[in-house]
Structure formats: C-alpha cells, structure tokens
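This report refers to the structure that appears directly beneath it.
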Amino acid sequence: MAPPEEKRFAGLLNEELQALQHTAKMRLFKAGQTIFRAGDPGDGFYLVETGRVIISAAIGGNESLPLATINPGEFFGEMALLDEVPRSATATAEVEMRAFCIGRDELLALLEQRPRLALNLIRGFSQRVRSLNQKYIDEILQADRLAMVGRFARTIVHDFKNPLNVIGLAAEMASMDIATPEMRGHAQVRIARQVARMTNMLNELLDFTRSTSSQLVLASVNYAAYVGGLADEIGDEIAQRKIQLLVEPPLPAVVVQVEPQRLSRLFYNLVNNAVDEMKRGGVITFRASICGNELLTEVEDTGPGIAPEMAKRLFEPFATHGKQNGTGLGLSICKKIVEDHGGKISARSEPGKGATFVFTLPLVR
C-alpha cells in the first residue's frame, strides 16, 4: 500500500509534501458548502485530501457555469495568491471533503525554498489551463453546431413564406362559391408549382449539406421559352411588392442541358435577394446572350447595390449584411447550382446604382 502522503497529493514530490504538511492547516467542508466566492480576497491555497470541489463562474443573473472539478490529490485557489487579485471564481464542496489550506506568506516562503515544488505547481496549473481551454473549444463547437441548425431553420421559414402565401391564395380562390372550373384549374396549377418549388428548396438545403454534389438529372430545354415562362411566374409573385420584372428581348432560343427545377431555384434566389433590398419597389431585368461556347445570363436590379464590405464574401454561406430575414445561404446555393451545371457566377455593383448577377451555362454542341 502506498504511503498516505503519496495518496494525498499525487504528482508532488515526497520532500515537498512533508514541507506542505508541516505548514498547512487541515480544514473540513460539508457537502454544498462554499469554500470561497468570486470577489473574495485570496487568503489561501488548497490541497484536496478527500472529496471533490466544483469551481464555477457566474455568467449573468444567478446562473453559474462549472469550469472544473478538483479531485483528491489536486489543488486550487493558487491564482489569487500569486497575482494578488480577488478570486475570479467560486469553489464549492460537491461532497463532504477535507483539504489542507496554506496562506500566501507560507506558500511564497516554501516556493522560494523549494524550486521543485514551484515546478510541480506550475505543471498542475498548466494542465488545468489546457483542460479548461479544451472545454471552452468543445463548447464553442457545440454552440456553432446549434447556431447552424438555427440558421437552416430560419432559412427554411423565410424561403417558404412566398410559396405558402401563393398556395393559400390559390386554395382560397378555388374554394369560393363563384369559382369557375377555369379558376379552379388555374389555382390547381399554381398550387402544384409551389409544392414542387418547396420540395426543390428542401432538396437544395439537403444538397448543400452534402460534401459532394448530387448527380444532375439534365433535360434539353429551349432557354428563351424556359426563362420567359419562369419570368411570368416570378413576376406575378413580386408584383404585390411594387417590383416589376422585365425580360429584355431577344432571349437566345438555344437548347441547353439543365436541371429545370434546380435552375428555377437559382432564378428565385437571385430575384428574392434583390427584392429584399428594394424596400420601396423597383425593377428587375433578365437578359441573356451567347458568348463563345457559353450562354451568359444577367439578373439586374435597381436596388441600393452591394455593400463594399460584402463584395468578397458575397457567395459565402451565411454571409449577410443588414438583413432581418434570411441567412445569406441563398447566394451560396446559387453558386453551387451554377457550378454543378459547369458554369460560373459573379456579381458587379456600384453603391446606389443596383447590382447585376451574371452566370454562365455551357452550350450544347
């Protein structure tokens, strides 16, 4: 069986232990008893013989955050003695415990006489700081994960508002007593489109979280007809916000290989991003042209333009500037959609003169 002094203070040298035992005073604490509080003067350095101690700090109000657990053979309370400032945390006996207490003058005298004791105390203090740093990093990572979940949730809520409003209005129209078969048919088409749009939005969010791009399901589409029909649909939605959507003729009537649902998500994101900035209304213009082996499309708005501090972070996930809704995920999804199609996306802007987003698609050879 190991001698009592070796059990009592693991890691300290026996010679130093004997010196501490001669100098220290034994103190007893009941379970739940406060040993010292944050703000108290540093009147003692403690070495735990039996029991456990919880070190905690206040984080606002009456809530406290546990920082460390001190077990038998470990020490606490040394910082306030060494830097001569009030206690920065509270120590509480978790269970009934016994500890040796050494005053400042006695500890400083021992440290001067026994350098090895100082070295062991420094090592123990360093290990505690490392442990506390790791605990802090783990909690920061956990908080970041929870914050990301919250951002995704807010993105879904924000982006679902428009299609849900359209579905609600269409359903209300179809259920009216005066609704004609033609009106009901029109409402049914609008509802089906918005349900497909929401499904696509959810798929995009799932796709964004994957480490690799999902396989595209390409279809050959006439670009002029596709963009014209999409502009009619989007224009109806944003008209109620005093925003006009224009299509600058002529759109190239060329065939491109795209995934229509994902490409429509690209247009919706770019338009909604512009609409959010144009509080007093304005104009959004679609234009397209052929440039070599690529089809170049521009989405231009008459909003306030892109803030200079956002220019370099525009397509980064969760990058926002002065928005109450959304998280900045929309433009990063746009970038992913374009790149998955083999194209590139960029933006140009002059503050106060609107913004223009430009993306390319490869032409079918």
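Every chain in the structure tokens takes a letter, A first, then B, and so on in the order presented; its residues are numbered from 1, and the ligands are numbered from 1 following the presented order.
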Residues near range 244-257 of chain A, anyone? I mean within 7 Å using only C-alpha atoms, not counting same-chain ones fewer than 4 positions away, as a list in words. Leu218, Ala219, Ser220, Val221, Asn222, Tyr223, Ala224, Gly235, Ala239, Gly282, Val283, Ile284, Thr285, Phe286, Arg287, Ala288, Ser289, Leu363 and Val364 of chain A
What's around Glu350 in chain A at 12 Å? Count only C-alpha atoms, leave out sequence neighbours fewer than 2 positions away in its own chain, and write the answer as a ChimeraX atom specification. /A:300-308,311,347-348,352-356
Counting only C-alpha atoms, the residue of A:Val166, A:Ile178, A:Leu202, A:Leu107 that sits nearest Ile238 in chain A: A:Val166
Compile the contact shell of Glu294 in chain A as a ChimeraX atom specification: residues with an atom at most 7 Å away, counting only C-alpha atoms, same-chain residues fewer than 4 positions apart removed. /A:290,360-363
Distance query Ser332 in chain A at most 7 Å, only C-alpha atoms, self and fewer than 5 positions along chain excluded, as a PyMOL selection string: chain A and resi 315-317
Could you jot down the CA of Leu111 in chain A to CA of Phe76 in chain A separation for me, Å, one decimal place?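 Interatomic distance here is 15.9 Å.
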Straight-line distance linking CA of Asp159 in chain A with CA of Glu233 in chain A, stated in Å to one decimal: 16.2 Å
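The gap separating CA of Glu172 in chain A from CA of Ser264 in chain A is 25.7 Å, in Å to one decimal.
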For Ala91 in chain A, list every protein, DNA or RNA residue within 7 Å, evaluated using only C-alpha atoms, and leave out those in the same chain fewer than 2 positions away; present the list as a list in words.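 The residues that qualify are Thr34, Ile35, Phe36, Arg37, Val53, Ile54, Ile55, Ser56, Ala89 and Ala93 of chain A.
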Dump C-alpha atoms for the selected residues as a PDB file, in the first residue's frame?
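Wrote again-v8.pdb, looks like this:
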```
ATOM      1  CA  THR A  34     -18.887  27.380  -0.233  1.00  0.00           C
ATOM      2  CA  ILE A  35     -15.136  27.426   0.254  1.00  0.00           C
ATOM      3  CA  PHE A  36     -14.704  30.868  -1.315  1.00  0.00           C
ATOM      4  CA  ARG A  37     -16.660  33.091  -3.710  1.00  0.00           C
ATOM      5  CA  VAL A  53     -14.626  20.562  -5.301  1.00  0.00           C
ATOM      6  CA  ILE A  54     -16.526  22.323  -8.090  1.00  0.00           C
ATOM      7  CA  ILE A  55     -15.008  25.525  -9.490  1.00  0.00           C
ATOM      8  CA  SER A  56     -17.668  27.711 -11.165  1.00  0.00           C
ATOM      9  CA  ALA A  89     -14.396  32.006  -9.494  1.00  0.00           C
ATOM     10  CA  ALA A  93     -17.595  21.341  -1.902  1.00  0.00           C
TER      11      ALA A  93
END
```
Skipping near chain neighbours, those fewer than 6 positions away, what residues fall within 7 Å of Ala38 in chain A using only C-alpha atoms, listed as a ChimeraX atom specification? /A:87-90
Prev. selection, N, CA and C atoms, output as a PDB file, in the first residue's frame:
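Contents of the output file selection18.pdb:
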```
ATOM      1  N   ARG A  87     -10.618  36.696  -5.938  1.00  0.00           N
ATOM      2  CA  ARG A  87     -10.957  35.429  -6.575  1.00  0.00           C
ATOM      3  C   ARG A  87     -11.777  35.679  -7.839  1.00  0.00           C
ATOM      4  N   SER A  88     -11.476  34.927  -8.908  1.00  0.00           N
ATOM      5  CA  SER A  88     -12.206  35.075 -10.165  1.00  0.00           C
ATOM      6  C   SER A  88     -13.305  34.037 -10.319  1.00  0.00           C
ATOM      7  N   ALA A  89     -13.390  33.057  -9.406  1.00  0.00           N
ATOM      8  CA  ALA A  89     -14.396  32.006  -9.494  1.00  0.00           C
ATOM      9  C   ALA A  89     -14.807  31.595  -8.091  1.00  0.00           C
ATOM     10  N   THR A  90     -15.816  30.747  -8.022  1.00  0.00           N
ATOM     11  CA  THR A  90     -16.348  30.260  -6.746  1.00  0.00           C
ATOM     12  C   THR A  90     -16.007  28.786  -6.597  1.00  0.00           C
TER      13      THR A  90
END
```
Residue set, range 150-288 of chain A restricted to strand (DSSP E or B), as an MDAnalysis selection string: chainID A and resid 219:222 243:247 255:258 282:288
Can I get the selected residues back with N, CA, C and O atoms, as a tab-separated table (two decimals), in the first residue's frame?
```tsv
chain	number	residue	atom	x	y	z
A	219	ALA	N	-32.02	17.89	-68.67
A	219	ALA	CA	-33.03	17.85	-69.73
A	219	ALA	C	-32.71	18.93	-70.74
A	219	ALA	O	-32.13	19.97	-70.40
A	220	SER	N	-33.05	18.69	-71.99
A	220	SER	CA	-32.84	19.69	-73.04
A	220	SER	C	-34.01	20.67	-73.03
A	220	SER	O	-35.16	20.26	-73.17
A	221	VAL	N	-33.71	21.95	-72.85
A	221	VAL	CA	-34.77	22.96	-72.81
A	221	VAL	C	-34.42	24.11	-73.74
A	221	VAL	O	-33.24	24.43	-73.94
A	222	ASN	N	-35.46	24.71	-74.30
A	222	ASN	CA	-35.31	25.94	-75.07
A	222	ASN	C	-35.19	27.08	-74.07
A	222	ASN	O	-36.15	27.37	-73.33
A	243	ILE	N	-42.71	45.69	-57.37
A	243	ILE	CA	-41.49	45.41	-58.13
A	243	ILE	C	-41.89	44.81	-59.48
A	243	ILE	O	-42.67	43.86	-59.54
A	244	GLN	N	-41.34	45.36	-60.54
A	244	GLN	CA	-41.65	44.92	-61.89
A	244	GLN	C	-40.52	44.05	-62.42
A	244	GLN	O	-39.34	44.39	-62.27
A	245	LEU	N	-40.87	42.92	-63.04
A	245	LEU	CA	-39.88	42.04	-63.63
A	245	LEU	C	-39.94	42.17	-65.16
A	245	LEU	O	-40.98	41.93	-65.77
A	246	LEU	N	-38.84	42.57	-65.76
A	246	LEU	CA	-38.77	42.75	-67.21
A	246	LEU	C	-37.84	41.70	-67.82
A	246	LEU	O	-36.83	41.33	-67.20
A	247	VAL	N	-38.17	41.26	-69.02
A	247	VAL	CA	-37.30	40.37	-69.79
A	247	VAL	C	-36.86	41.14	-71.03
A	247	VAL	O	-37.69	41.53	-71.85
A	255	VAL	N	-30.85	25.63	-77.23
A	255	VAL	CA	-31.10	24.48	-76.38
A	255	VAL	C	-29.94	24.32	-75.40
A	255	VAL	O	-28.77	24.32	-75.82
A	256	VAL	N	-30.27	24.20	-74.13
A	256	VAL	CA	-29.25	23.97	-73.10
A	256	VAL	C	-29.62	22.74	-72.29
A	256	VAL	O	-30.80	22.39	-72.16
A	257	GLN	N	-28.60	22.10	-71.75
A	257	GLN	CA	-28.81	20.94	-70.89
A	257	GLN	C	-28.79	21.40	-69.43
A	257	GLN	O	-27.74	21.78	-68.92
A	258	VAL	N	-29.94	21.39	-68.79
A	258	VAL	CA	-30.05	21.86	-67.40
A	258	VAL	C	-31.01	20.96	-66.63
A	258	VAL	O	-31.74	20.17	-67.23
A	282	GLY	N	-39.15	48.73	-57.35
A	282	GLY	CA	-38.11	48.93	-58.36
A	282	GLY	C	-38.32	47.99	-59.52
A	282	GLY	O	-39.42	47.46	-59.74
A	283	VAL	N	-37.24	47.76	-60.26
A	283	VAL	CA	-37.30	46.94	-61.48
A	283	VAL	C	-36.19	45.90	-61.44
A	283	VAL	O	-35.04	46.21	-61.08
A	284	ILE	N	-36.53	44.67	-61.83
A	284	ILE	CA	-35.55	43.60	-62.01
A	284	ILE	C	-35.60	43.19	-63.47
A	284	ILE	O	-36.68	42.99	-64.04
A	285	THR	N	-34.45	43.07	-64.09
A	285	THR	CA	-34.37	42.78	-65.53
A	285	THR	C	-33.59	41.50	-65.78
A	285	THR	O	-32.50	41.31	-65.22
A	286	PHE	N	-34.18	40.61	-66.60
A	286	PHE	CA	-33.47	39.43	-67.09
A	286	PHE	C	-32.97	39.75	-68.50
A	286	PHE	O	-33.70	40.26	-69.34
A	287	ARG	N	-31.72	39.38	-68.79
A	287	ARG	CA	-31.21	39.45	-70.16
A	287	ARG	C	-30.23	38.31	-70.36
A	287	ARG	O	-29.62	37.82	-69.40
A	288	ALA	N	-30.10	37.87	-71.59
A	288	ALA	CA	-29.20	36.75	-71.88
A	288	ALA	C	-28.58	36.95	-73.26
A	288	ALA	O	-29.16	37.59	-74.15
```
